[in-house]
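**Student:** One structure, pasted below without further comment.
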Amino acid sequence: MLGPNATMLNTTAEDIFLYPGANTSSLPPPATLTSLLASLLPSLDYSQLLYQPQCPGWVPLNHVYYQVSNLFLLLSSMAPNSPGGFLFLRAMLVVSSSFCTVWGCHVACGVDITGWSSILAVVNMAWCVQTVWRGRTVSLSQEMEGVYQQIFQHLKVTRRQFKTLLSVSKEIRKLSPKERVIEEKLSRVDSLSLVLTGRLLVSQAGRALHLVTQNQFLDSPEWFGVTTDEYFQVTVTALEECSILVWHRDKIKFVIMEDPFLQTVLEHVIGRDVVRKLMQVHNINEELNIHKSGVLENGDNLSIDEDKEDDDDKKPMITKESTKDTSLMGTILGGDLSNWRLGNIRETEDETIV
């Protein structure tokens, strides 16, 4: 390797390409190339640009800056395949390029060595800054922090990914008791809603289906196989003061398409929510059948004990029912099951049609 001062005296631009050992047969016309180089940077020495020297023996070891630069370059190749490993890789490349820049500037005195090393140091420094910025702690509100911990954290979703979901949310809607958020055959299936607080009742044609509570989706069954041009087949009514987080279906689907892992997790959560609703509907149907059977049995017993009750003078004229329905349906409806009409009303002969 030639030193910075190992140049030929009185060398012209044409003589550069006639330097001993150069393969002139494979080079472009000397006059054209040398004129181009001289016009771009006339102050530089091009004597070694196309020079192919023969190595008679090993030259002395380079400066310690050069050795340290390659040491950090070696350490960068040992970075693990992880987000922290990526940051370690870039940091080692920054240190390596910095030492190489110092060596090229103060020891080798080479403009090209200094220039390329500086560019590498700047580029890798920019990657380090970007990695640190993206890895900073994402702050969430207290309400959203609870949603993240209950639903997404144990599924290995990062706070940044959850923040991405929140960035395309439409609104946080507040509901008052008995307010309808979805109306059967009137509301379009154009949203995805998550219950933050409160309870809501899902019904169809006046018949209660299931209850939606905190951290459950209102319209998870419509997520699969239903387009935004269709209408809901159920009615959703708030039983108490509620707040729901609403996304626009098309926007959230477009966002999760860019992150396959987040898309898989969200569809898993929604699918599990659908299964929970189906199980609840099944349990409600069973309780309704049991309740109807009990009503029929009580009706048969009334005819037997009717005369005995009429002869009892000590019986109070007005009886107060202190029993309260503790079944699942009673819990859903928030009171006595008899106060709700879950089926069609049958008119008898004694009733007056209004």
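Residue names in the structure tokens use chain letters A, B, ... in the order shown, residue numbers from 1 in each chain, and ligand numbers from 1 in the order shown.
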Excluding Arg160 (chain A) and any residue of its chain fewer than 4 positions from it, enumerate the residues within 12 Å of it, using only C-alpha atoms, and give them as a PyMOL selection string.
**Tutor:** chain A and resi 133-140+148+152-153+156+164-167+259+262
**Student:** Would you save the residues of that selection, restricted to C-alpha atoms, as a compact mmCIF listing (two decimals), in the first residue's frame?
**Tutor:**
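Contents of selection.txt, as written:
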```txt
# COMPACT_ATOMS: atom_id res chain seq x y z
CA TRP A 133 -37.59 7.13 18.93
CA ARG A 134 -39.84 4.28 17.80
CA GLY A 135 -39.01 2.25 20.90
CA ARG A 136 -39.96 4.97 23.36
CA THR A 137 -42.71 4.29 25.90
CA VAL A 138 -46.19 4.88 24.49
CA SER A 139 -48.49 6.61 26.95
CA LEU A 140 -52.15 5.59 27.12
CA TYR A 148 -54.80 -2.96 26.60
CA PHE A 152 -54.11 -7.31 24.10
CA GLN A 153 -51.10 -7.37 26.42
CA LYS A 156 -47.92 -10.04 22.87
CA THR A 164 -52.06 2.17 15.90
CA LEU A 165 -55.52 0.69 16.44
CA LEU A 166 -56.56 3.68 18.54
CA SER A 167 -55.30 6.11 15.89
CA ASP A 259 -49.47 -5.75 10.16
CA LEU A 262 -51.95 -7.53 14.61
```
**Student:** Counting only C-alpha atoms, which of A:Ser193, A:Gln161, A:Asn283, A:Thr237 gets nearest to Pro221 (chain A)?
**Tutor:** A:Ser193
**Student:** I'd like to know which residues of region 104-263 of chain A are strand (DSSP E or B) (by DSSP, run on the backbone); could you write them as a PDB file with N, CA, C and O atoms, in the first residue's frame?
**Tutor:**
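Below is the file that was written, states_33.pdb:
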```
ATOM      1  N   SER A 169     -59.555   5.049  15.449  1.00  0.00           N
ATOM      2  CA  SER A 169     -60.871   4.974  16.095  1.00  0.00           C
ATOM      3  C   SER A 169     -61.705   6.185  15.713  1.00  0.00           C
ATOM      4  O   SER A 169     -61.195   7.284  15.485  1.00  0.00           O
ATOM      5  N   LYS A 170     -62.996   5.981  15.643  1.00  0.00           N
ATOM      6  CA  LYS A 170     -63.919   7.035  15.208  1.00  0.00           C
ATOM      7  C   LYS A 170     -64.282   7.969  16.349  1.00  0.00           C
ATOM      8  O   LYS A 170     -64.170   9.193  16.238  1.00  0.00           O
ATOM      9  N   GLU A 171     -64.707   7.389  17.483  1.00  0.00           N
ATOM     10  CA  GLU A 171     -65.122   8.205  18.621  1.00  0.00           C
ATOM     11  C   GLU A 171     -65.305   7.311  19.842  1.00  0.00           C
ATOM     12  O   GLU A 171     -65.340   6.074  19.731  1.00  0.00           O
ATOM     13  N   ILE A 172     -65.404   7.949  21.006  1.00  0.00           N
ATOM     14  CA  ILE A 172     -65.836   7.284  22.224  1.00  0.00           C
ATOM     15  C   ILE A 172     -67.229   7.819  22.531  1.00  0.00           C
ATOM     16  O   ILE A 172     -67.402   8.975  22.897  1.00  0.00           O
ATOM     17  N   ARG A 173     -68.225   6.962  22.362  1.00  0.00           N
ATOM     18  CA  ARG A 173     -69.630   7.388  22.436  1.00  0.00           C
ATOM     19  C   ARG A 173     -70.195   7.093  23.813  1.00  0.00           C
ATOM     20  O   ARG A 173     -69.996   6.007  24.364  1.00  0.00           O
ATOM     21  N   LYS A 174     -70.882   8.066  24.376  1.00  0.00           N
ATOM     22  CA  LYS A 174     -71.538   7.923  25.670  1.00  0.00           C
ATOM     23  C   LYS A 174     -73.022   7.615  25.446  1.00  0.00           C
ATOM     24  O   LYS A 174     -73.680   8.246  24.605  1.00  0.00           O
ATOM     25  N   LEU A 175     -73.529   6.663  26.200  1.00  0.00           N
ATOM     26  CA  LEU A 175     -74.924   6.244  26.065  1.00  0.00           C
ATOM     27  C   LEU A 175     -75.644   6.395  27.397  1.00  0.00           C
ATOM     28  O   LEU A 175     -75.067   6.140  28.453  1.00  0.00           O
ATOM     29  N   ARG A 180     -80.818   3.407  22.329  1.00  0.00           N
ATOM     30  CA  ARG A 180     -80.503   2.393  21.326  1.00  0.00           C
ATOM     31  C   ARG A 180     -79.300   2.846  20.503  1.00  0.00           C
ATOM     32  O   ARG A 180     -79.338   3.918  19.893  1.00  0.00           O
ATOM     33  N   VAL A 181     -78.282   2.016  20.501  1.00  0.00           N
ATOM     34  CA  VAL A 181     -77.098   2.336  19.710  1.00  0.00           C
ATOM     35  C   VAL A 181     -77.168   1.696  18.336  1.00  0.00           C
ATOM     36  O   VAL A 181     -76.606   2.199  17.365  1.00  0.00           O
ATOM     37  N   ILE A 182     -77.891   0.568  18.233  1.00  0.00           N
ATOM     38  CA  ILE A 182     -78.092  -0.124  16.954  1.00  0.00           C
ATOM     39  C   ILE A 182     -79.566  -0.492  16.879  1.00  0.00           C
ATOM     40  O   ILE A 182     -80.145  -1.000  17.839  1.00  0.00           O
ATOM     41  N   ARG A 188     -76.673   0.464   9.517  1.00  0.00           N
ATOM     42  CA  ARG A 188     -75.754  -0.239   8.621  1.00  0.00           C
ATOM     43  C   ARG A 188     -74.593  -0.850   9.415  1.00  0.00           C
ATOM     44  O   ARG A 188     -74.186  -0.318  10.453  1.00  0.00           O
ATOM     45  N   SER A 191     -69.364  -0.315  11.388  1.00  0.00           N
ATOM     46  CA  SER A 191     -68.517   0.031  12.525  1.00  0.00           C
ATOM     47  C   SER A 191     -68.162  -1.218  13.314  1.00  0.00           C
ATOM     48  O   SER A 191     -68.772  -2.283  13.148  1.00  0.00           O
ATOM     49  N   LEU A 192     -67.165  -1.072  14.166  1.00  0.00           N
ATOM     50  CA  LEU A 192     -66.788  -2.083  15.153  1.00  0.00           C
ATOM     51  C   LEU A 192     -66.721  -1.372  16.494  1.00  0.00           C
ATOM     52  O   LEU A 192     -65.979  -0.393  16.646  1.00  0.00           O
ATOM     53  N   SER A 193     -67.486  -1.860  17.476  1.00  0.00           N
ATOM     54  CA  SER A 193     -67.623  -1.148  18.749  1.00  0.00           C
ATOM     55  C   SER A 193     -67.194  -2.041  19.897  1.00  0.00           C
ATOM     56  O   SER A 193     -67.562  -3.223  19.952  1.00  0.00           O
ATOM     57  N   LEU A 194     -66.430  -1.463  20.821  1.00  0.00           N
ATOM     58  CA  LEU A 194     -65.972  -2.150  22.025  1.00  0.00           C
ATOM     59  C   LEU A 194     -66.551  -1.453  23.245  1.00  0.00           C
ATOM     60  O   LEU A 194     -66.434  -0.227  23.380  1.00  0.00           O
ATOM     61  N   VAL A 195     -67.162  -2.219  24.140  1.00  0.00           N
ATOM     62  CA  VAL A 195     -67.769  -1.649  25.340  1.00  0.00           C
ATOM     63  C   VAL A 195     -66.672  -1.340  26.357  1.00  0.00           C
ATOM     64  O   VAL A 195     -65.917  -2.227  26.761  1.00  0.00           O
ATOM     65  N   LEU A 196     -66.587  -0.093  26.771  1.00  0.00           N
ATOM     66  CA  LEU A 196     -65.615   0.316  27.785  1.00  0.00           C
ATOM     67  C   LEU A 196     -66.210   0.228  29.181  1.00  0.00           C
ATOM     68  O   LEU A 196     -65.562  -0.268  30.112  1.00  0.00           O
ATOM     69  N   THR A 197     -67.435   0.712  29.353  1.00  0.00           N
ATOM     70  CA  THR A 197     -68.142   0.624  30.636  1.00  0.00           C
ATOM     71  C   THR A 197     -69.612   0.390  30.367  1.00  0.00           C
ATOM     72  O   THR A 197     -70.148   0.772  29.321  1.00  0.00           O
ATOM     73  N   LEU A 200     -75.126  -3.632  27.891  1.00  0.00           N
ATOM     74  CA  LEU A 200     -76.077  -3.420  26.810  1.00  0.00           C
ATOM     75  C   LEU A 200     -76.771  -4.740  26.490  1.00  0.00           C
ATOM     76  O   LEU A 200     -76.160  -5.815  26.588  1.00  0.00           O
ATOM     77  N   LEU A 201     -78.045  -4.646  26.105  1.00  0.00           N
ATOM     78  CA  LEU A 201     -78.846  -5.817  25.790  1.00  0.00           C
ATOM     79  C   LEU A 201     -79.011  -5.920  24.284  1.00  0.00           C
ATOM     80  O   LEU A 201     -79.389  -4.953  23.622  1.00  0.00           O
ATOM     81  N   VAL A 202     -78.763  -7.106  23.749  1.00  0.00           N
ATOM     82  CA  VAL A 202     -78.955  -7.383  22.329  1.00  0.00           C
ATOM     83  C   VAL A 202     -80.237  -8.177  22.179  1.00  0.00           C
ATOM     84  O   VAL A 202     -80.407  -9.226  22.825  1.00  0.00           O
ATOM     85  N   SER A 203     -81.152  -7.690  21.351  1.00  0.00           N
ATOM     86  CA  SER A 203     -82.444  -8.345  21.161  1.00  0.00           C
ATOM     87  C   SER A 203     -82.772  -8.405  19.679  1.00  0.00           C
ATOM     88  O   SER A 203     -82.204  -7.667  18.860  1.00  0.00           O
ATOM     89  N   GLN A 204     -83.719  -9.298  19.363  1.00  0.00           N
ATOM     90  CA  GLN A 204     -84.181  -9.450  17.984  1.00  0.00           C
ATOM     91  C   GLN A 204     -85.684  -9.680  17.999  1.00  0.00           C
ATOM     92  O   GLN A 204     -86.161 -10.622  18.639  1.00  0.00           O
ATOM     93  N   ARG A 207     -87.132 -10.068  21.379  1.00  0.00           N
ATOM     94  CA  ARG A 207     -86.687 -11.215  22.170  1.00  0.00           C
ATOM     95  C   ARG A 207     -85.224 -11.023  22.550  1.00  0.00           C
ATOM     96  O   ARG A 207     -84.373 -10.807  21.692  1.00  0.00           O
ATOM     97  N   ALA A 208     -84.948 -11.083  23.857  1.00  0.00           N
ATOM     98  CA  ALA A 208     -83.581 -10.883  24.340  1.00  0.00           C
ATOM     99  C   ALA A 208     -82.696 -12.033  23.902  1.00  0.00           C
ATOM    100  O   ALA A 208     -83.068 -13.205  24.004  1.00  0.00           O
ATOM    101  N   LEU A 209     -81.493 -11.689  23.402  1.00  0.00           N
ATOM    102  CA  LEU A 209     -80.551 -12.705  22.934  1.00  0.00           C
ATOM    103  C   LEU A 209     -79.388 -12.888  23.894  1.00  0.00           C
ATOM    104  O   LEU A 209     -79.128 -13.978  24.370  1.00  0.00           O
ATOM    105  N   HIS A 210     -78.692 -11.804  24.176  1.00  0.00           N
ATOM    106  CA  HIS A 210     -77.543 -11.904  25.085  1.00  0.00           C
ATOM    107  C   HIS A 210     -77.179 -10.517  25.589  1.00  0.00           C
ATOM    108  O   HIS A 210     -77.727  -9.496  25.138  1.00  0.00           O
ATOM    109  N   LEU A 211     -76.252 -10.507  26.529  1.00  0.00           N
ATOM    110  CA  LEU A 211     -75.797  -9.281  27.171  1.00  0.00           C
ATOM    111  C   LEU A 211     -74.365  -8.980  26.742  1.00  0.00           C
ATOM    112  O   LEU A 211     -73.546  -9.874  26.585  1.00  0.00           O
ATOM    113  N   VAL A 212     -74.062  -7.714  26.537  1.00  0.00           N
ATOM    114  CA  VAL A 212     -72.709  -7.267  26.207  1.00  0.00           C
ATOM    115  C   VAL A 212     -72.213  -6.398  27.351  1.00  0.00           C
ATOM    116  O   VAL A 212     -72.868  -5.415  27.714  1.00  0.00           O
ATOM    117  N   PHE A 217     -67.191  -6.865  22.460  1.00  0.00           N
ATOM    118  CA  PHE A 217     -67.559  -6.162  21.238  1.00  0.00           C
ATOM    119  C   PHE A 217     -69.067  -6.230  21.038  1.00  0.00           C
ATOM    120  O   PHE A 217     -69.701  -7.266  21.285  1.00  0.00           O
ATOM    121  N   TYR A 231     -77.429  -4.471   6.681  1.00  0.00           N
ATOM    122  CA  TYR A 231     -78.007  -3.877   7.877  1.00  0.00           C
ATOM    123  C   TYR A 231     -77.949  -4.873   9.037  1.00  0.00           C
ATOM    124  O   TYR A 231     -77.926  -6.092   8.827  1.00  0.00           O
ATOM    125  N   THR A 235     -81.148  -5.448  17.616  1.00  0.00           N
ATOM    126  CA  THR A 235     -81.220  -4.134  18.262  1.00  0.00           C
ATOM    127  C   THR A 235     -80.394  -4.175  19.536  1.00  0.00           C
ATOM    128  O   THR A 235     -80.478  -5.140  20.305  1.00  0.00           O
ATOM    129  N   VAL A 236     -79.594  -3.145  19.756  1.00  0.00           N
ATOM    130  CA  VAL A 236     -78.742  -3.068  20.941  1.00  0.00           C
ATOM    131  C   VAL A 236     -79.194  -1.870  21.769  1.00  0.00           C
ATOM    132  O   VAL A 236     -79.203  -0.738  21.278  1.00  0.00           O
ATOM    133  N   THR A 237     -79.541  -2.135  23.036  1.00  0.00           N
ATOM    134  CA  THR A 237     -80.066  -1.103  23.928  1.00  0.00           C
ATOM    135  C   THR A 237     -79.222  -1.045  25.190  1.00  0.00           C
ATOM    136  O   THR A 237     -78.868  -2.085  25.759  1.00  0.00           O
ATOM    137  N   ALA A 238     -78.888   0.157  25.619  1.00  0.00           N
ATOM    138  CA  ALA A 238     -78.109   0.334  26.843  1.00  0.00           C
ATOM    139  C   ALA A 238     -78.999   0.110  28.061  1.00  0.00           C
ATOM    140  O   ALA A 238     -80.109   0.659  28.145  1.00  0.00           O
ATOM    141  N   CYS A 242     -73.384   3.951  29.610  1.00  0.00           N
ATOM    142  CA  CYS A 242     -72.320   3.180  28.954  1.00  0.00           C
ATOM    143  C   CYS A 242     -71.429   4.115  28.149  1.00  0.00           C
ATOM    144  O   CYS A 242     -71.810   5.228  27.782  1.00  0.00           O
ATOM    145  N   SER A 243     -70.235   3.618  27.876  1.00  0.00           N
ATOM    146  CA  SER A 243     -69.327   4.274  26.934  1.00  0.00           C
ATOM    147  C   SER A 243     -68.730   3.201  26.047  1.00  0.00           C
ATOM    148  O   SER A 243     -68.321   2.141  26.534  1.00  0.00           O
ATOM    149  N   ILE A 244     -68.704   3.456  24.753  1.00  0.00           N
ATOM    150  CA  ILE A 244     -68.198   2.484  23.792  1.00  0.00           C
ATOM    151  C   ILE A 244     -67.179   3.149  22.881  1.00  0.00           C
ATOM    152  O   ILE A 244     -67.297   4.329  22.544  1.00  0.00           O
ATOM    153  N   LEU A 245     -66.171   2.377  22.510  1.00  0.00           N
ATOM    154  CA  LEU A 245     -65.146   2.827  21.573  1.00  0.00           C
ATOM    155  C   LEU A 245     -65.536   2.338  20.191  1.00  0.00           C
ATOM    156  O   LEU A 245     -65.726   1.140  19.985  1.00  0.00           O
ATOM    157  N   VAL A 246     -65.662   3.262  19.237  1.00  0.00           N
ATOM    158  CA  VAL A 246     -66.183   2.945  17.911  1.00  0.00           C
ATOM    159  C   VAL A 246     -65.087   3.121  16.872  1.00  0.00           C
ATOM    160  O   VAL A 246     -64.410   4.158  16.843  1.00  0.00           O
ATOM    161  N   TRP A 247     -64.892   2.083  16.042  1.00  0.00           N
ATOM    162  CA  TRP A 247     -64.005   2.156  14.880  1.00  0.00           C
ATOM    163  C   TRP A 247     -64.853   2.110  13.612  1.00  0.00           C
ATOM    164  O   TRP A 247     -65.933   1.516  13.584  1.00  0.00           O
ATOM    165  N   HIS A 248     -64.329   2.705  12.550  1.00  0.00           N
ATOM    166  CA  HIS A 248     -64.921   2.516  11.227  1.00  0.00           C
ATOM    167  C   HIS A 248     -64.368   1.215  10.648  1.00  0.00           C
ATOM    168  O   HIS A 248     -63.155   0.996  10.620  1.00  0.00           O
TER     169      HIS A 248
END
```
**Student:** Please provide as an MDAnalysis selection string all residues within 10 Å of Phe261 (chain A), with the sequence filter that same-chain residues fewer than 3 positions apart are discarded (counting only C-alpha atoms).
**Tutor:** chainID A and resid 156:157 161 256:258 264:266
**Student:** Need to verify the contact set: Phe88 (chain A), 12 Å, only C-alpha atoms, exclusion of same-chain residues closer than 3 positions in sequence. Can you return it as a ChimeraX atom specification?
**Tutor:** /A:72-73,75-85,91-95,124-125,127-128,131-132
**Student:** Restricted to C-alpha atoms, what would the selected residues look like written as a JSON list (two decimals), in the first residue's frame?
**Tutor:**
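Done, and the output landed in result-v6.json:
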```json
[["chain", "number", "residue", "atom", "x", "y", "z"],
["A", 72, "PHE", "CA", -16.35, -2.69, 16.38],
["A", 73, "LEU", "CA", -17.23, -3.82, 12.87],
["A", 75, "LEU", "CA", -18.87, -6.80, 17.12],
["A", 76, "SER", "CA", -21.69, -5.47, 14.93],
["A", 77, "SER", "CA", -21.82, -8.80, 13.08],
["A", 78, "MET", "CA", -22.63, -10.54, 16.40],
["A", 79, "ALA", "CA", -25.88, -8.64, 16.99],
["A", 80, "PRO", "CA", -28.87, -10.93, 17.74],
["A", 81, "ASN", "CA", -32.01, -10.96, 15.62],
["A", 82, "SER", "CA", -34.21, -8.79, 17.83],
["A", 83, "PRO", "CA", -35.22, -5.13, 18.15],
["A", 84, "GLY", "CA", -32.45, -4.62, 20.73],
["A", 85, "GLY", "CA", -30.01, -6.45, 18.48],
["A", 91, "ALA", "CA", -24.54, 1.55, 17.33],
["A", 92, "MET", "CA", -21.48, -0.62, 16.63],
["A", 93, "LEU", "CA", -21.44, 0.52, 13.00],
["A", 94, "VAL", "CA", -21.55, 4.15, 14.15],
["A", 95, "VAL", "CA", -18.50, 3.63, 16.40],
["A", 124, "ASN", "CA", -26.12, 4.56, 10.95],
["A", 125, "MET", "CA", -26.55, 7.34, 13.49],
["A", 127, "TRP", "CA", -30.99, 4.65, 12.11],
["A", 128, "CYS", "CA", -30.08, 4.63, 15.81],
["A", 131, "THR", "CA", -34.93, 3.08, 16.49],
["A", 132, "VAL", "CA", -34.75, 4.81, 19.87]]
```
**Student:** Pull the helix (DSSP H, G or I) assignments for region 59-300 of chain A out of DSSP run on the backbone, and list those residues as a PyMOL selection string.
**Tutor:** chain A and resi 64-76+83-106+111-134+142-155+159-167+221-223+249-256+260-300
**Student:** Can you measure CA of Ser39 (chain A) to CA of Pro53 (chain A) for me? One decimal in Å is fine.
**Tutor:** 26.1 Å
**Student:** Nearest to Ser97 (chain A): which of A:Gly115, A:Leu36, A:Ser69, A:Glu241 is it, counting only C-alpha atoms?
**Tutor:**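 Ranking A:Gly115, A:Leu36, A:Ser69, A:Glu241 by distance to Ser97 (chain A), first place goes to A:Ser69.
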**Student:** Report as a PyMOL selection string all protein, DNA and RNA residues lying within 12 Å of Phe224 (chain A), evaluated on only C-alpha atoms, omitting residues in the same chain fewer than 4 positions from it.
**Tutor:** chain A and resi 189+192+219-220+228+249+253+267-268+270-271+274
**Student:** With C-alpha atoms kept, could you save the residues just selected as a PDB file, in the first residue's frame?
**Tutor:**
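Output below, filename result.pdb:
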```pdb
ATOM      1  CA  VAL A 189     -72.921  -2.596   9.509  1.00  0.00           C
ATOM      2  CA  LEU A 192     -66.788  -2.083  15.153  1.00  0.00           C
ATOM      3  CA  ASP A 219     -70.975  -6.229  16.685  1.00  0.00           C
ATOM      4  CA  SER A 220     -68.400  -9.008  16.604  1.00  0.00           C
ATOM      5  CA  THR A 228     -70.811  -2.490   5.093  1.00  0.00           C
ATOM      6  CA  ARG A 249     -64.800  -1.016   9.783  1.00  0.00           C
ATOM      7  CA  LYS A 253     -59.341  -3.387   8.272  1.00  0.00           C
ATOM      8  CA  GLU A 267     -59.495 -11.587  14.510  1.00  0.00           C
ATOM      9  CA  HIS A 268     -58.703 -14.064  17.295  1.00  0.00           C
ATOM     10  CA  ILE A 270     -63.239 -10.995  17.889  1.00  0.00           C
ATOM     11  CA  GLY A 271     -63.743 -14.689  17.128  1.00  0.00           C
ATOM     12  CA  VAL A 274     -68.441 -14.442  19.027  1.00  0.00           C
TER      13      VAL A 274
END
```
